[in-house]
Amino acid sequence: MPAKSHKIRRGYRYPPGSSRMARGVNFSVFSRYATSMELRLYESARSLEPFQVIRLDPNVHRTFFFWHVFVQDLPPGVHYTWRADGPGDTAVSGHRFDKRVELLDPWTKTVTCDFWDRRRTSRMPGQGLSSMRAAVVDGAYDWERDRPLNHPLEKCIIYELHVGGFTRHPSAGVRHPGTFLGVIEKIPHLKDLGITDVELMPCMAFDEQDVPEPAAALGLRNFWGYSTHSFFSPHPGYGTSPRPGSHLQEFRDMVKALHRAGIGVILDVAINHTAEGGAEGPIINFKGFANEIFYHLDPADKSRYVDYTGCGNTVNCNHPLVSRFILHCLEYWVREMHVDGFRFDLASVLARGEDGRPMPHAPVLWSIEFSEALADAKIIAEAWDAAGLYQVGAFPGFRWSEWNGRYRDVVRRFVRGDKGLVGEMATRLAGSSDFYEPQGRLPTNGVNFVTCHDGFTLWDLVSYERKHNEANGEDNRDGTDENFSWNCGVEGETRDPRILSLRKRQVRNFMAILFLSQGVPMILAGDEMLRTQNGNNNAYCQDNPLGWVDWTLNETNQGMLRFVRQMISLRKRHPSLMRKRFLTGKKVPGRPLPDVAWHGRRLGEPLWDDPEAQVLAFTLAGVGRGEEDLHVILNPAQSILNAPLPNLSGRRWHRAVDTSMDSPQDILEPQDQPAVKGSFYLVRPHSVVVFESRRRL
């Protein structure tokens, strides 16, 4: 490690951040209005004093608005911060320069937080050791010919998981709980389940201390990770070693291992806001270098932040510099970290112009859409924000997929028994063509889900009608009140076997419908084994058993796990469920059936406009050679249905799924499916039945 000061040279403005070169390290950072800049070098993450402070001469070390310096013979492992000074007329100009505060490099690939204290930094900027630090690391890595898998979207089955919560529970039985390496140890579970891609909740470095005061008073911390401060660095808390850059390597190890198992990696990215929060939040990086550029500020008083995210600030995504920063970041994660795509949290923020108004041709969105480096990467939008901009079905761009919130809400209401929804339910099952087809988009533009991290788990969806978020410390005010849930007769835990049986039937209904729908299905980690959060629908701060996956449920609820695995298998053997184009109702060449036929209680008579209708059925013609036709009956009503079955010339219907039955009869592999005798089938209340066709013997 360094024992003395190093010689410096002028340096280069590109690339930004720290870059190891043949004879040293180049440092570069952007700050248009800074009047002075210094680079502080530390031997380690825990060094109390810098071993060298380099004050940059603006006549030598500034090119346009980049400050840069080359430090000769500087080895990897050195940590560093910046200090910037400049105008302080915050209310007029929006500048927040403070020469006392040590700033984190926004482009750093590795960050350490040993001395970080969010509350002290917010209250007393620059007082004592409290800053995060960037580290100079050797970014070399042997990918062993690995490349992003880029599964076709129509064939994807997405599994949303939290890296920390997935393996933190003692029952996980892994060597490295709550880490990137811990995920590797659970790959056999993912392969056995049959998912194609994991969607990892935020893995970019985030501030675990960013929680409201009531939560902090209870000792809670930011668990979900939607509080990013370093967009190029994996989260250090998911690493296993304090060695600089270890979390960078272990993230890559995880990606490579998942790819070897045939599983793609999609990152959930929160680019809409940062960990710096509003006016009362700390100065970490962006505020101290370019506050007036990076954030939306109130034109009447630029000391105030415009908040479209509910998190204190909003990133000014369509400023040219910020737009380039975002694109550069995403391209880095694809090129250097080999991820297969991104899900964008509160993505409608990215559609807002510098004045905050929605833009039909937002530069950052179209730059992402047309980036050659991202051409094969999945780009999935949470197509709304916290200020009321809701763009499901209308998100700018063509190849952007969207979390289909309308699908979630309609399916929840339909399954709990709401009447008069059969028309919209059919539309959602068919890939939401009302949203996407008029714009020339495809079924894969919609990501279908019933549950995600944000809200009830699947088991809680059928066990609670009200949120129970008291553990978060906000008197149950946080989290949504609109859950469209049904507790099946009792709120919360019960030993009543009748209610427990109905709840298990309902969760099977949800899973069956999800995998029988056109579009891209996504499930929440743990739902396959009936994980509960005890009715908490906003577990963002619950880094404890409430927020972790309890792996004992893998044994306790083997029947549910088997059902989900078999439903995924059923979907995979039916190309008719994974169409690239929308259903038409027209006859399929070589088949006696149209691609889809809709039914109600009677064949060919769906009750689209009946406000009392609940029953919906449909027949799908096979599209692949040898693919069986499918017939599906959905009966969320409380009454038994004697359902007619379509006549098949030379073929018979075989029961594949009946959610009213207990495991293992609830879903059967093809060789075990009994043929249906007669032309009717008795469908029990609150159940889904699926038939596959076979040739008569």
# chains A, B, ... in the order shown; residues from 1 in each chain; ligands from 1
$ residues_around --residues "Asn554 (chain A)" --least-positions-apart "5" --cutoff "12 Å" --atoms "only C-alpha atoms" --output "PDB file with C-alpha atoms, in the first residue's frame"
ATOM      1  CA  SER A 171     -33.312 -22.557   7.289  1.00  0.00           C
ATOM      2  CA  ALA A 172     -31.700 -21.653   3.940  1.00  0.00           C
ATOM      3  CA  HIS A 189     -34.129 -24.869  -6.439  1.00  0.00           C
ATOM      4  CA  LEU A 193     -38.827 -24.947 -10.397  1.00  0.00           C
ATOM      5  CA  ALA A 525     -39.898 -15.683  -4.652  1.00  0.00           C
ATOM      6  CA  GLY A 526     -41.411 -17.761  -1.881  1.00  0.00           C
ATOM      7  CA  ASP A 527     -44.936 -17.797  -3.298  1.00  0.00           C
ATOM      8  CA  GLU A 528     -44.237 -21.285  -4.608  1.00  0.00           C
ATOM      9  CA  MET A 529     -43.934 -22.425  -0.987  1.00  0.00           C
ATOM     10  CA  LEU A 530     -46.648 -20.125   0.496  1.00  0.00           C
ATOM     11  CA  ARG A 531     -44.394 -17.619   2.247  1.00  0.00           C
ATOM     12  CA  VAL A 549     -37.778 -16.686   2.691  1.00  0.00           C
ATOM     13  CA  GLY A 559     -47.891 -29.814  -2.670  1.00  0.00           C
ATOM     14  CA  MET A 560     -47.888 -26.133  -3.647  1.00  0.00           C
ATOM     15  CA  LEU A 561     -44.286 -26.316  -4.798  1.00  0.00           C
ATOM     16  CA  ARG A 562     -45.156 -29.302  -6.965  1.00  0.00           C
TER      17      ARG A 562
END
$ residues_around --residues "region 317-322 of chain A" --least-positions-apart "4" --cutoff "12 Å" --atoms "only C-alpha atoms" --output "MDAnalysis selection string"
chainID A and resid 30:32 65:66 106 270:274 286 290:296 313 326:329 347:359 361:368
$ write_last_selection --atoms "C-alpha atoms" --output "PDB file, in the first residue's frame"
ATOM      1  CA  PHE A  30     -18.043  16.262 -13.674  1.00  0.00           C
ATOM      2  CA  SER A  31     -18.930  19.518 -11.949  1.00  0.00           C
ATOM      3  CA  ARG A  32     -19.889  22.476 -14.079  1.00  0.00           C
ATOM      4  CA  PHE A  65     -16.652  20.903 -16.936  1.00  0.00           C
ATOM      5  CA  PHE A  66     -14.636  17.782 -16.066  1.00  0.00           C
ATOM      6  CA  PRO A 106     -20.762   8.885  -8.858  1.00  0.00           C
ATOM      7  CA  ALA A 270     -34.149   2.510  -9.150  1.00  0.00           C
ATOM      8  CA  ILE A 271     -32.867   5.301 -11.394  1.00  0.00           C
ATOM      9  CA  ASN A 272     -35.807   7.611 -10.661  1.00  0.00           C
ATOM     10  CA  HIS A 273     -34.395   8.926  -7.357  1.00  0.00           C
ATOM     11  CA  THR A 274     -31.294   8.579  -5.187  1.00  0.00           C
ATOM     12  CA  PHE A 286     -24.769  14.197  -6.916  1.00  0.00           C
ATOM     13  CA  ALA A 290     -24.156  18.976  -9.808  1.00  0.00           C
ATOM     14  CA  ASN A 291     -27.314  19.317  -7.726  1.00  0.00           C
ATOM     15  CA  GLU A 292     -28.878  21.799 -10.144  1.00  0.00           C
ATOM     16  CA  ILE A 293     -28.411  19.363 -13.064  1.00  0.00           C
ATOM     17  CA  PHE A 294     -29.120  15.993 -11.544  1.00  0.00           C
ATOM     18  CA  TYR A 295     -32.408  16.719  -9.751  1.00  0.00           C
ATOM     19  CA  HIS A 296     -35.769  18.305 -10.452  1.00  0.00           C
ATOM     20  CA  ASN A 313     -36.097  13.789  -4.799  1.00  0.00           C
ATOM     21  CA  ILE A 326     -27.994   6.562 -17.181  1.00  0.00           C
ATOM     22  CA  LEU A 327     -27.314   5.057 -20.599  1.00  0.00           C
ATOM     23  CA  HIS A 328     -23.611   4.617 -19.824  1.00  0.00           C
ATOM     24  CA  CYS A 329     -24.572   2.893 -16.569  1.00  0.00           C
ATOM     25  CA  ALA A 347     -40.205   4.233 -14.812  1.00  0.00           C
ATOM     26  CA  SER A 348     -42.679   6.987 -15.692  1.00  0.00           C
ATOM     27  CA  VAL A 349     -40.227   9.376 -14.040  1.00  0.00           C
ATOM     28  CA  LEU A 350     -37.924   8.666 -16.977  1.00  0.00           C
ATOM     29  CA  ALA A 351     -40.644   9.967 -19.289  1.00  0.00           C
ATOM     30  CA  ARG A 352     -40.719  13.389 -17.610  1.00  0.00           C
ATOM     31  CA  GLY A 353     -38.903  16.290 -19.238  1.00  0.00           C
ATOM     32  CA  GLU A 354     -36.757  18.835 -17.436  1.00  0.00           C
ATOM     33  CA  ASP A 355     -39.923  20.781 -16.631  1.00  0.00           C
ATOM     34  CA  GLY A 356     -41.489  17.684 -15.109  1.00  0.00           C
ATOM     35  CA  ARG A 357     -44.105  17.205 -17.810  1.00  0.00           C
ATOM     36  CA  PRO A 358     -44.520  13.827 -19.565  1.00  0.00           C
ATOM     37  CA  MET A 359     -42.741  13.621 -22.924  1.00  0.00           C
ATOM     38  CA  HIS A 361     -40.366  11.132 -27.026  1.00  0.00           C
ATOM     39  CA  ALA A 362     -38.299  11.272 -23.853  1.00  0.00           C
ATOM     40  CA  PRO A 363     -34.623  11.205 -24.939  1.00  0.00           C
ATOM     41  CA  VAL A 364     -33.442   8.828 -22.225  1.00  0.00           C
ATOM     42  CA  LEU A 365     -36.127   6.242 -23.028  1.00  0.00           C
ATOM     43  CA  TRP A 366     -35.441   6.288 -26.750  1.00  0.00           C
ATOM     44  CA  SER A 367     -31.689   6.211 -26.134  1.00  0.00           C
ATOM     45  CA  ILE A 368     -32.187   3.027 -24.115  1.00  0.00           C
TER      46      ILE A 368
END
$ select_by_dssp --residues "region 236-317 of chain A" --states "strand (DSSP E)" --output "ChimeraX atom specification"
/A:264-269,297-298,301-305
$ write_last_selection --atoms "N, CA and C atoms" --output "PDB file, in the first residue's frame"
ATOM      1  N   GLY A 264     -31.344 -16.493 -16.852  1.00  0.00           N
ATOM      2  CA  GLY A 264     -30.963 -15.116 -17.126  1.00  0.00           C
ATOM      3  C   GLY A 264     -31.070 -14.241 -15.896  1.00  0.00           C
ATOM      4  N   VAL A 265     -30.437 -13.062 -15.955  1.00  0.00           N
ATOM      5  CA  VAL A 265     -30.399 -12.145 -14.813  1.00  0.00           C
ATOM      6  C   VAL A 265     -30.923 -10.780 -15.240  1.00  0.00           C
ATOM      7  N   ILE A 266     -32.023 -10.377 -14.624  1.00  0.00           N
ATOM      8  CA  ILE A 266     -32.622  -9.065 -14.861  1.00  0.00           C
ATOM      9  C   ILE A 266     -32.456  -8.253 -13.588  1.00  0.00           C
ATOM     10  N   LEU A 267     -31.932  -7.038 -13.702  1.00  0.00           N
ATOM     11  CA  LEU A 267     -31.734  -6.175 -12.540  1.00  0.00           C
ATOM     12  C   LEU A 267     -32.898  -5.209 -12.379  1.00  0.00           C
ATOM     13  N   ASP A 268     -33.405  -5.114 -11.166  1.00  0.00           N
ATOM     14  CA  ASP A 268     -34.380  -4.086 -10.809  1.00  0.00           C
ATOM     15  C   ASP A 268     -33.587  -2.839 -10.461  1.00  0.00           C
ATOM     16  N   VAL A 269     -33.749  -1.769 -11.243  1.00  0.00           N
ATOM     17  CA  VAL A 269     -32.955  -0.559 -11.043  1.00  0.00           C
ATOM     18  C   VAL A 269     -33.851   0.617 -10.661  1.00  0.00           C
ATOM     19  N   LEU A 297     -35.759  20.531  -9.470  1.00  0.00           N
ATOM     20  CA  LEU A 297     -35.856  21.523  -8.397  1.00  0.00           C
ATOM     21  C   LEU A 297     -37.037  22.433  -8.647  1.00  0.00           C
ATOM     22  N   ASP A 298     -37.582  22.970  -7.572  1.00  0.00           N
ATOM     23  CA  ASP A 298     -38.702  23.898  -7.656  1.00  0.00           C
ATOM     24  C   ASP A 298     -38.210  25.223  -8.252  1.00  0.00           C
ATOM     25  N   ASP A 301     -38.110  28.165  -5.857  1.00  0.00           N
ATOM     26  CA  ASP A 301     -37.155  28.095  -4.756  1.00  0.00           C
ATOM     27  C   ASP A 301     -36.341  26.817  -4.963  1.00  0.00           C
ATOM     28  N   LYS A 302     -35.164  26.962  -5.527  1.00  0.00           N
ATOM     29  CA  LYS A 302     -34.377  25.798  -5.918  1.00  0.00           C
ATOM     30  C   LYS A 302     -33.708  25.078  -4.754  1.00  0.00           C
ATOM     31  N   SER A 303     -33.991  25.510  -3.560  1.00  0.00           N
ATOM     32  CA  SER A 303     -33.557  24.734  -2.403  1.00  0.00           C
ATOM     33  C   SER A 303     -34.526  23.587  -2.128  1.00  0.00           C
ATOM     34  N   ARG A 304     -35.688  23.635  -2.804  1.00  0.00           N
ATOM     35  CA  ARG A 304     -36.692  22.584  -2.630  1.00  0.00           C
ATOM     36  C   ARG A 304     -36.646  21.620  -3.805  1.00  0.00           C
ATOM     37  N   TYR A 305     -36.867  20.335  -3.488  1.00  0.00           N
ATOM     38  CA  TYR A 305     -36.837  19.285  -4.512  1.00  0.00           C
ATOM     39  C   TYR A 305     -38.254  18.931  -4.940  1.00  0.00           C
TER      40      TYR A 305
END
$ residues_around --residues "Gln518 (chain A)" --least-positions-apart "5" --cutoff "6 Å" --atoms "only C-alpha atoms" --output "ChimeraX atom specification"
/A:429-431,577
$ atom_distance --atom1 "CA of Leu553 (chain A)" --atom2 "CA of Lys186 (chain A)"
14.7 Å
$ closest_residue --among "A:Leu218, A:Leu129, A:Ile568, A:Ile8" --to "Lys191 (chain A)" --atoms "only C-alpha atoms"
A:Ile568
$ closest_residue --among "A:Asp595, A:Gln673, A:Ser432, A:Val422" --to "Leu634 (chain A)" --atoms "only C-alpha atoms"
A:Val422
$ closest_residue --among "A:Met21, A:Val392, A:Leu161, A:Ile284" --to "Leu103 (chain A)" --atoms "only C-alpha atoms"
A:Ile284
$ residues_around --residues "Val623 (chain A)" --least-positions-apart "3" --cutoff "8 Å" --atoms "only C-alpha atoms" --output "PyMOL selection string"
chain A and resi 575-576+588+627
$ write_last_selection --atoms "C-alpha atoms" --output "mmCIF file, in the first residue's frame"
data_model
loop_
_atom_site.group_PDB
_atom_site.id
_atom_site.type_symbol
_atom_site.label_atom_id
_atom_site.label_comp_id
_atom_site.auth_asym_id
_atom_site.auth_seq_id
_atom_site.Cartn_x
_atom_site.Cartn_y
_atom_site.Cartn_z
ATOM 1 C CA PRO A 575 -46.454 -22.911 -27.551
ATOM 2 C CA SER A 576 -50.092 -21.783 -27.763
ATOM 3 C CA VAL A 588 -55.738 -22.373 -37.378
ATOM 4 C CA GLU A 627 -49.115 -29.876 -29.473
#
$ residues_around --residues "Arg571 (chain A)" --least-positions-apart "5" --cutoff "12 Å" --atoms "only C-alpha atoms" --output "PyMOL selection string"
chain A and resi 154-157+194-195+511-521+564-566+576-579+627-628+630+656+690+692
$ write_last_selection --atoms "N, CA and C atoms" --output "PDB file, in the first residue's frame"
ATOM      1  N   GLU A 154     -41.116 -14.231 -25.091  1.00  0.00           N
ATOM      2  CA  GLU A 154     -42.333 -15.040 -25.045  1.00  0.00           C
ATOM      3  C   GLU A 154     -42.116 -16.353 -24.310  1.00  0.00           C
ATOM      4  N   LYS A 155     -40.850 -16.755 -24.151  1.00  0.00           N
ATOM      5  CA  LYS A 155     -40.565 -18.002 -23.457  1.00  0.00           C
ATOM      6  C   LYS A 155     -40.101 -17.788 -22.015  1.00  0.00           C
ATOM      7  N   CYS A 156     -40.069 -16.535 -21.588  1.00  0.00           N
ATOM      8  CA  CYS A 156     -39.542 -16.226 -20.255  1.00  0.00           C
ATOM      9  C   CYS A 156     -40.561 -16.519 -19.154  1.00  0.00           C
ATOM     10  N   ILE A 157     -40.040 -16.985 -18.049  1.00  0.00           N
ATOM     11  CA  ILE A 157     -40.796 -17.117 -16.804  1.00  0.00           C
ATOM     12  C   ILE A 157     -39.927 -16.466 -15.735  1.00  0.00           C
ATOM     13  N   GLY A 194     -38.122 -24.435 -12.664  1.00  0.00           N
ATOM     14  CA  GLY A 194     -38.318 -24.283 -14.101  1.00  0.00           C
ATOM     15  C   GLY A 194     -38.347 -22.850 -14.594  1.00  0.00           C
ATOM     16  N   ILE A 195     -38.034 -21.886 -13.733  1.00  0.00           N
ATOM     17  CA  ILE A 195     -38.033 -20.479 -14.178  1.00  0.00           C
ATOM     18  C   ILE A 195     -36.884 -20.267 -15.163  1.00  0.00           C
ATOM     19  N   MET A 511     -52.033 -19.095  -9.507  1.00  0.00           N
ATOM     20  CA  MET A 511     -50.879 -19.605 -10.254  1.00  0.00           C
ATOM     21  C   MET A 511     -51.304 -20.209 -11.591  1.00  0.00           C
ATOM     22  N   ALA A 512     -52.413 -20.941 -11.598  1.00  0.00           N
ATOM     23  CA  ALA A 512     -52.880 -21.540 -12.843  1.00  0.00           C
ATOM     24  C   ALA A 512     -53.206 -20.466 -13.870  1.00  0.00           C
ATOM     25  N   ILE A 513     -53.958 -19.464 -13.452  1.00  0.00           N
ATOM     26  CA  ILE A 513     -54.348 -18.386 -14.376  1.00  0.00           C
ATOM     27  C   ILE A 513     -53.115 -17.664 -14.911  1.00  0.00           C
ATOM     28  N   LEU A 514     -52.151 -17.393 -14.034  1.00  0.00           N
ATOM     29  CA  LEU A 514     -50.944 -16.682 -14.451  1.00  0.00           C
ATOM     30  C   LEU A 514     -50.225 -17.430 -15.576  1.00  0.00           C
ATOM     31  N   PHE A 515     -50.079 -18.737 -15.430  1.00  0.00           N
ATOM     32  CA  PHE A 515     -49.335 -19.500 -16.427  1.00  0.00           C
ATOM     33  C   PHE A 515     -50.177 -19.900 -17.632  1.00  0.00           C
ATOM     34  N   LEU A 516     -51.469 -19.608 -17.581  1.00  0.00           N
ATOM     35  CA  LEU A 516     -52.342 -19.848 -18.738  1.00  0.00           C
ATOM     36  C   LEU A 516     -52.586 -18.572 -19.544  1.00  0.00           C
ATOM     37  N   SER A 517     -51.945 -17.487 -19.168  1.00  0.00           N
ATOM     38  CA  SER A 517     -52.162 -16.188 -19.813  1.00  0.00           C
ATOM     39  C   SER A 517     -51.095 -15.904 -20.854  1.00  0.00           C
ATOM     40  N   GLN A 518     -51.506 -15.249 -21.944  1.00  0.00           N
ATOM     41  CA  GLN A 518     -50.546 -14.754 -22.928  1.00  0.00           C
ATOM     42  C   GLN A 518     -49.767 -13.592 -22.301  1.00  0.00           C
ATOM     43  N   GLY A 519     -48.532 -13.425 -22.715  1.00  0.00           N
ATOM     44  CA  GLY A 519     -47.679 -12.415 -22.107  1.00  0.00           C
ATOM     45  C   GLY A 519     -46.569 -13.089 -21.329  1.00  0.00           C
ATOM     46  N   VAL A 520     -45.866 -12.330 -20.514  1.00  0.00           N
ATOM     47  CA  VAL A 520     -44.710 -12.827 -19.777  1.00  0.00           C
ATOM     48  C   VAL A 520     -45.092 -12.993 -18.300  1.00  0.00           C
ATOM     49  N   PRO A 521     -45.090 -14.224 -17.764  1.00  0.00           N
ATOM     50  CA  PRO A 521     -45.461 -14.406 -16.358  1.00  0.00           C
ATOM     51  C   PRO A 521     -44.306 -14.107 -15.411  1.00  0.00           C
ATOM     52  N   VAL A 564     -46.784 -25.533  -8.670  1.00  0.00           N
ATOM     53  CA  VAL A 564     -46.157 -24.455  -9.445  1.00  0.00           C
ATOM     54  C   VAL A 564     -45.177 -25.040 -10.456  1.00  0.00           C
ATOM     55  N   ARG A 565     -44.386 -25.993 -10.026  1.00  0.00           N
ATOM     56  CA  ARG A 565     -43.422 -26.619 -10.935  1.00  0.00           C
ATOM     57  C   ARG A 565     -44.131 -27.257 -12.128  1.00  0.00           C
ATOM     58  N   GLN A 566     -45.235 -27.938 -11.860  1.00  0.00           N
ATOM     59  CA  GLN A 566     -45.959 -28.602 -12.937  1.00  0.00           C
ATOM     60  C   GLN A 566     -46.706 -27.619 -13.839  1.00  0.00           C
ATOM     61  N   SER A 576     -48.878 -22.594 -27.647  1.00  0.00           N
ATOM     62  CA  SER A 576     -50.092 -21.783 -27.763  1.00  0.00           C
ATOM     63  C   SER A 576     -50.248 -20.817 -26.594  1.00  0.00           C
ATOM     64  N   LEU A 577     -49.527 -21.058 -25.488  1.00  0.00           N
ATOM     65  CA  LEU A 577     -49.568 -20.154 -24.337  1.00  0.00           C
ATOM     66  C   LEU A 577     -48.452 -19.116 -24.392  1.00  0.00           C
ATOM     67  N   MET A 578     -47.586 -19.237 -25.385  1.00  0.00           N
ATOM     68  CA  MET A 578     -46.423 -18.345 -25.477  1.00  0.00           C
ATOM     69  C   MET A 578     -46.346 -17.726 -26.865  1.00  0.00           C
ATOM     70  N   ARG A 579     -47.468 -17.193 -27.322  1.00  0.00           N
ATOM     71  CA  ARG A 579     -47.556 -16.668 -28.686  1.00  0.00           C
ATOM     72  C   ARG A 579     -46.797 -15.355 -28.832  1.00  0.00           C
ATOM     73  N   GLU A 627     -48.634 -30.532 -30.696  1.00  0.00           N
ATOM     74  CA  GLU A 627     -49.115 -29.876 -29.473  1.00  0.00           C
ATOM     75  C   GLU A 627     -50.599 -30.137 -29.283  1.00  0.00           C
ATOM     76  N   GLU A 628     -50.977 -30.520 -28.063  1.00  0.00           N
ATOM     77  CA  GLU A 628     -52.378 -30.754 -27.754  1.00  0.00           C
ATOM     78  C   GLU A 628     -53.148 -29.437 -27.682  1.00  0.00           C
ATOM     79  N   LEU A 630     -55.974 -27.114 -25.850  1.00  0.00           N
ATOM     80  CA  LEU A 630     -56.262 -26.869 -24.443  1.00  0.00           C
ATOM     81  C   LEU A 630     -57.693 -26.379 -24.281  1.00  0.00           C
ATOM     82  N   ALA A 656     -55.965 -32.301 -16.971  1.00  0.00           N
ATOM     83  CA  ALA A 656     -54.593 -31.961 -16.596  1.00  0.00           C
ATOM     84  C   ALA A 656     -54.537 -31.256 -15.243  1.00  0.00           C
ATOM     85  N   VAL A 690     -58.260 -27.502 -16.286  1.00  0.00           N
ATOM     86  CA  VAL A 690     -57.579 -27.464 -17.580  1.00  0.00           C
ATOM     87  C   VAL A 690     -57.584 -28.869 -18.169  1.00  0.00           C
ATOM     88  N   GLU A 692     -56.268 -31.250 -21.610  1.00  0.00           N
ATOM     89  CA  GLU A 692     -55.440 -31.386 -22.804  1.00  0.00           C
ATOM     90  C   GLU A 692     -56.055 -32.464 -23.691  1.00  0.00           C
TER      91      GLU A 692
END
$ atom_distance --atom1 "CA of Val315 (chain A)" --atom2 "CA of Lys287 (chain A)"
11.0 Å
$ residues_around --residues "Phe618 (chain A)" --least-positions-apart "3" --cutoff "9 Å" --atoms "only C-alpha atoms" --output "PDB file with N, CA and C atoms, in the first residue's frame"
ATOM      1  N   ALA A 426     -61.012 -11.880 -19.940  1.00  0.00           N
ATOM      2  CA  ALA A 426     -60.608 -12.528 -21.192  1.00  0.00           C
ATOM      3  C   ALA A 426     -59.529 -11.709 -21.896  1.00  0.00           C
ATOM      4  N   VAL A 596     -58.472 -19.329 -30.761  1.00  0.00           N
ATOM      5  CA  VAL A 596     -59.125 -19.242 -29.455  1.00  0.00           C
ATOM      6  C   VAL A 596     -60.634 -19.184 -29.663  1.00  0.00           C
ATOM      7  N   ALA A 597     -61.349 -19.859 -28.787  1.00  0.00           N
ATOM      8  CA  ALA A 597     -62.810 -19.763 -28.753  1.00  0.00           C
ATOM      9  C   ALA A 597     -63.207 -19.529 -27.300  1.00  0.00           C
ATOM     10  N   TRP A 598     -64.096 -18.547 -27.076  1.00  0.00           N
ATOM     11  CA  TRP A 598     -64.481 -18.153 -25.721  1.00  0.00           C
ATOM     12  C   TRP A 598     -65.860 -18.728 -25.385  1.00  0.00           C
ATOM     13  N   HIS A 599     -66.046 -19.062 -24.127  1.00  0.00           N
ATOM     14  CA  HIS A 599     -67.289 -19.669 -23.662  1.00  0.00           C
ATOM     15  C   HIS A 599     -67.688 -19.099 -22.306  1.00  0.00           C
ATOM     16  N   GLY A 600     -68.959 -19.302 -21.976  1.00  0.00           N
ATOM     17  CA  GLY A 600     -69.447 -19.021 -20.639  1.00  0.00           C
ATOM     18  C   GLY A 600     -69.939 -20.320 -20.021  1.00  0.00           C
ATOM     19  N   LEU A 603     -71.203 -23.376 -24.323  1.00  0.00           N
ATOM     20  CA  LEU A 603     -70.159 -23.260 -25.324  1.00  0.00           C
ATOM     21  C   LEU A 603     -70.469 -22.139 -26.312  1.00  0.00           C
ATOM     22  N   GLY A 604     -69.491 -21.345 -26.597  1.00  0.00           N
ATOM     23  CA  GLY A 604     -69.641 -20.283 -27.581  1.00  0.00           C
ATOM     24  C   GLY A 604     -70.481 -19.116 -27.135  1.00  0.00           C
ATOM     25  N   LEU A 630     -55.974 -27.114 -25.850  1.00  0.00           N
ATOM     26  CA  LEU A 630     -56.262 -26.869 -24.443  1.00  0.00           C
ATOM     27  C   LEU A 630     -57.693 -26.379 -24.281  1.00  0.00           C
ATOM     28  N   HIS A 631     -58.330 -26.793 -23.195  1.00  0.00           N
ATOM     29  CA  HIS A 631     -59.615 -26.222 -22.824  1.00  0.00           C
ATOM     30  C   HIS A 631     -59.538 -25.857 -21.348  1.00  0.00           C
ATOM     31  N   VAL A 632     -59.901 -24.620 -21.037  1.00  0.00           N
ATOM     32  CA  VAL A 632     -59.748 -24.085 -19.687  1.00  0.00           C
ATOM     33  C   VAL A 632     -61.092 -23.565 -19.188  1.00  0.00           C
ATOM     34  N   ILE A 633     -61.434 -23.897 -17.945  1.00  0.00           N
ATOM     35  CA  ILE A 633     -62.669 -23.403 -17.317  1.00  0.00           C
ATOM     36  C   ILE A 633     -62.296 -22.704 -16.012  1.00  0.00           C
ATOM     37  N   LEU A 634     -62.740 -21.462 -15.879  1.00  0.00           N
ATOM     38  CA  LEU A 634     -62.514 -20.683 -14.662  1.00  0.00           C
ATOM     39  C   LEU A 634     -63.846 -20.471 -13.965  1.00  0.00           C
TER      40      LEU A 634
END
$ residues_around --residues "Val255 (chain A)" --least-positions-apart "6" --cutoff "9 Å" --atoms "only C-alpha atoms" --output "ChimeraX atom specification"
/A:148,180,184,263-265,337-339
$ closest_residue --among "A:Thr619, A:Asn285, A:Gln391, A:Asn445" --to "Phe97 (chain A)" --atoms "only C-alpha atoms"
A:Asn285
$ decode --residues "region 107-124 of chain A" --atoms "C-alpha atoms" --output "mmCIF file, in the first residue's frame"
data_model
loop_
_atom_site.group_PDB
_atom_site.id
_atom_site.type_symbol
_atom_site.label_atom_id
_atom_site.label_comp_id
_atom_site.auth_asym_id
_atom_site.auth_seq_id
_atom_site.Cartn_x
_atom_site.Cartn_y
_atom_site.Cartn_z
ATOM 1 C CA TRP A 107 -18.934 6.598 -11.333
ATOM 2 C CA THR A 108 -17.261 4.339 -8.788
ATOM 3 C CA LYS A 109 -17.372 0.588 -9.452
ATOM 4 C CA THR A 110 -16.698 -0.230 -5.792
ATOM 5 C CA VAL A 111 -17.872 1.518 -2.644
ATOM 6 C CA THR A 112 -17.284 1.031 1.091
ATOM 7 C CA CYS A 113 -19.462 2.362 3.897
ATOM 8 C CA ASP A 114 -17.417 1.654 7.047
ATOM 9 C CA PHE A 115 -17.800 5.171 8.474
ATOM 10 C CA TRP A 116 -21.144 6.039 6.926
ATOM 11 C CA ASP A 117 -23.624 7.697 9.292
ATOM 12 C CA ARG A 118 -26.628 9.059 7.420
ATOM 13 C CA ARG A 119 -28.170 11.011 10.248
ATOM 14 C CA ARG A 120 -24.949 12.658 11.400
ATOM 15 C CA THR A 121 -24.085 13.572 7.815
ATOM 16 C CA SER A 122 -27.546 15.110 7.325
ATOM 17 C CA ARG A 123 -27.424 17.102 10.569
ATOM 18 C CA MET A 124 -23.735 18.052 10.641
#
